[in-house]
Amino acid sequence: MRYIEPHAHMVSRTTDDYVSIVTAGCQAVCEPAFWAGFDRSSSRGFYDYFRQLTQYEPQRAAKFGLAHYTWLCINPKESEDLVLADEVLSIIPEFIDSPNVLGIGEIGLNKNSRNELKVLEKHVNLAAERDQLILVHTPHLEDKLKGTRLIVDLIKSDSRIDPGKVIIDHVEEHTAAIALDAGFWAGITLYPESKCTPPRAIDIVENFGHEQIWMNSACDWGVSIPLAVPKTALEMRRRGHTEEFIDQLLYRNPARFMGQCPKFKLPLE
Ligand SMILES: [Zn+2]
């Protein structure tokens with residue numbers, strides 16, 4: 001099989017993980033900028049992180065024959081400090097034209113605070129000004145429903161943004177329709193503890209359609225499964241889904257979304 005891993009934090013994974021995902025059929029890995037597992041002490045930490053995402057990690061992935069793409073932002077978890085957020089936002093233009101940068105992400109909300117919303121709005125503005133794709137992180141657990149509504153309303157209110165160029169990630173049963181009905185794409189994250197298991201993820205696809213959905217492992221420095229996407233293909237076969245359908249959901253859909261950025265190229269096409 002072939003698939004794309006559209007959301008993985010490879011800087012915190014080992015070379016063994018690269019070997020595993022390539023062996024399983026991964027054709028490209030896409031890495032949104034996110035929290036590092038700790039709060040960075042200044043904007044210089046982000047500067048170095050963006051260098052890592054645009055210069056070093058693509059080289060590491062290339063050693064395993066894998067294309068590596070990335071997204072830039074200050075994540076919502078570190079957006080509470082408005083001064084820091086402005087400093088990081090001012091660094092992004094220096095990196096945005098790098099050959100592996102697909103857009104702005106993963107922006108969004110964490111605790112749905114006023115400051116997080118302000119920083120989200122600034123990122124959306126940056127994306128609109130530079131015609132960038134947007135990848136959105138939605139909050140966890142009890143904050144998810146309210147946060148998803150706030151995010152969707154904020155992005156919809158900016159007439160410069162085409163919803164087809166925005167993916168709302170980490171959707172669950174109660175938030176998938178909010179994103180899809182507004183014309184956005186929706187991402188389902190396969191996680192062993194929080195977020196979705198493979199059976200739940202496939203239930204969502206069976207209930208809400210599959211045209212504008214992708215699946216990802218969102219593997220990072222915490223408990224997560226880099227092979228979650230191909231493992232979900234096993235569960236789909238068990239349920240009788242065809243190889244054609246699996247290929248659309250796990251390969252052609254993410255390729256279609258990210259292909260809206262001309263920098264995104266697949267080795268096989
Ligand atoms: Zn993430």
# chains A, B, ... in the order shown; residues from 1 in each chain; ligands from 1

$ residues_near_ligand --ligand "ligand 1" --cutoff "12 Å" --atoms "only C-alpha atoms and all ligand atoms" --output "PyMOL selection string"
chain A and resi 5-12+30-37+70-73+75-77+105-108+110+135-140+168-170+187-191+195+216-222+224

$ select_by_dssp --residues "range 82-227 of chain A" --states "helix (DSSP H, G or I)" --output "count of residues only"
66

$ atom_distance --atom1 "CA of Leu82 in chain A" --atom2 "CA of Gln132 in chain A"
22.5 Å

$ atom_distance --atom1 "CA of Leu53 in chain A" --atom2 "CA of Phe95 in chain A"
9.7 Å

$ closest_residue --among "A:Gly65, A:Lys111, A:Gly103, A:Leu141" --to "Cys196 in chain A" --atoms "only C-alpha atoms"
A:Leu141

$ closest_residue --among "A:Ala85, A:Leu102, A:Ala176, A:Val124" --to "Ala255 in chain A" --atoms "only C-alpha atoms"
A:Leu102

$ closest_residue --among "A:Met1, A:Ala61, A:Ile178, A:Met258" --to "Thr14 in chain A" --atoms "only C-alpha atoms"
A:Ala61

$ closest_atom_pairs --of "range 181-213 of chain A" --to "range 148-151 of chain A" --cutoff "12 Å" --atoms "only C-alpha atoms" --output "CSV"
residue,atom,partner,partner_atom,distance
A:Asp181,CA,A:Arg149,CA,11.9
A:Ala182,CA,A:Arg149,CA,10.6
A:Phe184,CA,A:Ile151,CA,11.4
A:Ala186,CA,A:Thr148,CA,11.2

$ write_last_selection --atoms "N, CA and C atoms" --output "PDB file, in the first residue's frame"
ATOM      1  N   ASP A 181     -19.279  20.812   7.175  1.00  0.00           N
ATOM      2  CA  ASP A 181     -20.448  21.563   6.684  1.00  0.00           C
ATOM      3  C   ASP A 181     -20.074  22.981   6.261  1.00  0.00           C
ATOM      4  N   ALA A 182     -18.987  23.508   6.853  1.00  0.00           N
ATOM      5  CA  ALA A 182     -18.558  24.866   6.488  1.00  0.00           C
ATOM      6  C   ALA A 182     -17.608  24.848   5.286  1.00  0.00           C
ATOM      7  N   PHE A 184     -14.708  23.206   5.087  1.00  0.00           N
ATOM      8  CA  PHE A 184     -13.313  22.928   5.429  1.00  0.00           C
ATOM      9  C   PHE A 184     -13.020  21.448   5.241  1.00  0.00           C
ATOM     10  N   ALA A 186     -11.308  18.056   7.086  1.00  0.00           N
ATOM     11  CA  ALA A 186     -11.236  17.596   8.472  1.00  0.00           C
ATOM     12  C   ALA A 186     -10.157  16.522   8.592  1.00  0.00           C
TER      13      ALA A 186
END

$ select_by_dssp --residues "range 20-261 of chain A" --states "strand (DSSP E)" --output "ChimeraX atom specification"
/A:26-32,67-72,101-108,133-137,166-169,185-189,213-216

$ write_last_selection --atoms "C-alpha atoms" --output "PDB file, in the first residue's frame"
ATOM      1  CA  CYS A  26       4.737   6.159   3.410  1.00  0.00           C
ATOM      2  CA  GLN A  27       5.380   8.477   0.446  1.00  0.00           C
ATOM      3  CA  ALA A  28       5.633  11.837   2.227  1.00  0.00           C
ATOM      4  CA  VAL A  29       5.599  13.095   5.791  1.00  0.00           C
ATOM      5  CA  CYS A  30       4.255  16.520   6.785  1.00  0.00           C
ATOM      6  CA  GLU A  31       5.271  18.183  10.021  1.00  0.00           C
ATOM      7  CA  PRO A  32       3.334  21.109  11.496  1.00  0.00           C
ATOM      8  CA  ALA A  67       9.822  13.668   1.164  1.00  0.00           C
ATOM      9  CA  HIS A  68       9.412  15.943   4.207  1.00  0.00           C
ATOM     10  CA  TYR A  69       7.108  18.997   4.286  1.00  0.00           C
ATOM     11  CA  THR A  70       6.380  21.419   7.093  1.00  0.00           C
ATOM     12  CA  TRP A  71       4.079  24.167   8.385  1.00  0.00           C
ATOM     13  CA  LEU A  72       5.083  27.199  10.463  1.00  0.00           C
ATOM     14  CA  VAL A 101       6.892  24.889   3.712  1.00  0.00           C
ATOM     15  CA  LEU A 102       3.255  24.198   2.792  1.00  0.00           C
ATOM     16  CA  GLY A 103       1.542  26.842   4.916  1.00  0.00           C
ATOM     17  CA  ILE A 104       0.643  28.122   8.374  1.00  0.00           C
ATOM     18  CA  GLY A 105       0.049  25.548  11.119  1.00  0.00           C
ATOM     19  CA  GLU A 106      -0.772  24.010  13.398  1.00  0.00           C
ATOM     20  CA  ILE A 107      -2.532  27.102  14.662  1.00  0.00           C
ATOM     21  CA  GLY A 108      -5.748  27.069  16.639  1.00  0.00           C
ATOM     22  CA  LEU A 133      -2.773  26.767   3.254  1.00  0.00           C
ATOM     23  CA  ILE A 134      -3.856  26.544   6.913  1.00  0.00           C
ATOM     24  CA  LEU A 135      -3.638  23.575   9.285  1.00  0.00           C
ATOM     25  CA  VAL A 136      -5.653  23.961  12.501  1.00  0.00           C
ATOM     26  CA  HIS A 137      -5.182  22.218  15.851  1.00  0.00           C
ATOM     27  CA  VAL A 166      -8.062  24.943   5.479  1.00  0.00           C
ATOM     28  CA  ILE A 167      -7.945  21.663   7.384  1.00  0.00           C
ATOM     29  CA  ILE A 168      -9.437  21.423  10.868  1.00  0.00           C
ATOM     30  CA  ASP A 169      -7.442  18.646  12.516  1.00  0.00           C
ATOM     31  CA  TRP A 185     -11.310  19.747   5.316  1.00  0.00           C
ATOM     32  CA  ALA A 186     -11.236  17.596   8.472  1.00  0.00           C
ATOM     33  CA  GLY A 187      -8.335  15.609   9.917  1.00  0.00           C
ATOM     34  CA  ILE A 188      -8.797  12.588  12.165  1.00  0.00           C
ATOM     35  CA  THR A 189      -5.964  11.827  14.564  1.00  0.00           C
ATOM     36  CA  ILE A 213     -11.001  13.926   5.241  1.00  0.00           C
ATOM     37  CA  TRP A 214      -7.480  12.746   6.013  1.00  0.00           C
ATOM     38  CA  MET A 215      -6.082  10.569   8.783  1.00  0.00           C
ATOM     39  CA  ASN A 216      -2.853  11.093  10.678  1.00  0.00           C
TER      40      ASN A 216
END

$ atom_distance --atom1 "CA of Leu84 in chain A" --atom2 "CA of Ser159 in chain A"
27.7 Å

$ closest_residue --among "A:Leu117, A:Ile246, A:Leu89, A:Ala62" --to "Lys231 in chain A" --atoms "only C-alpha atoms"
A:Ile246

$ closest_residue --among "A:Gln59, A:Asp143, A:Ala228, A:Ser41" --to "Pro199 in chain A" --atoms "only C-alpha atoms"
A:Ala228

$ closest_residue --among "A:Cys261, A:Leu109, A:Val171, A:Leu145" --to "Asp97 in chain A" --atoms "only C-alpha atoms"
A:Cys261
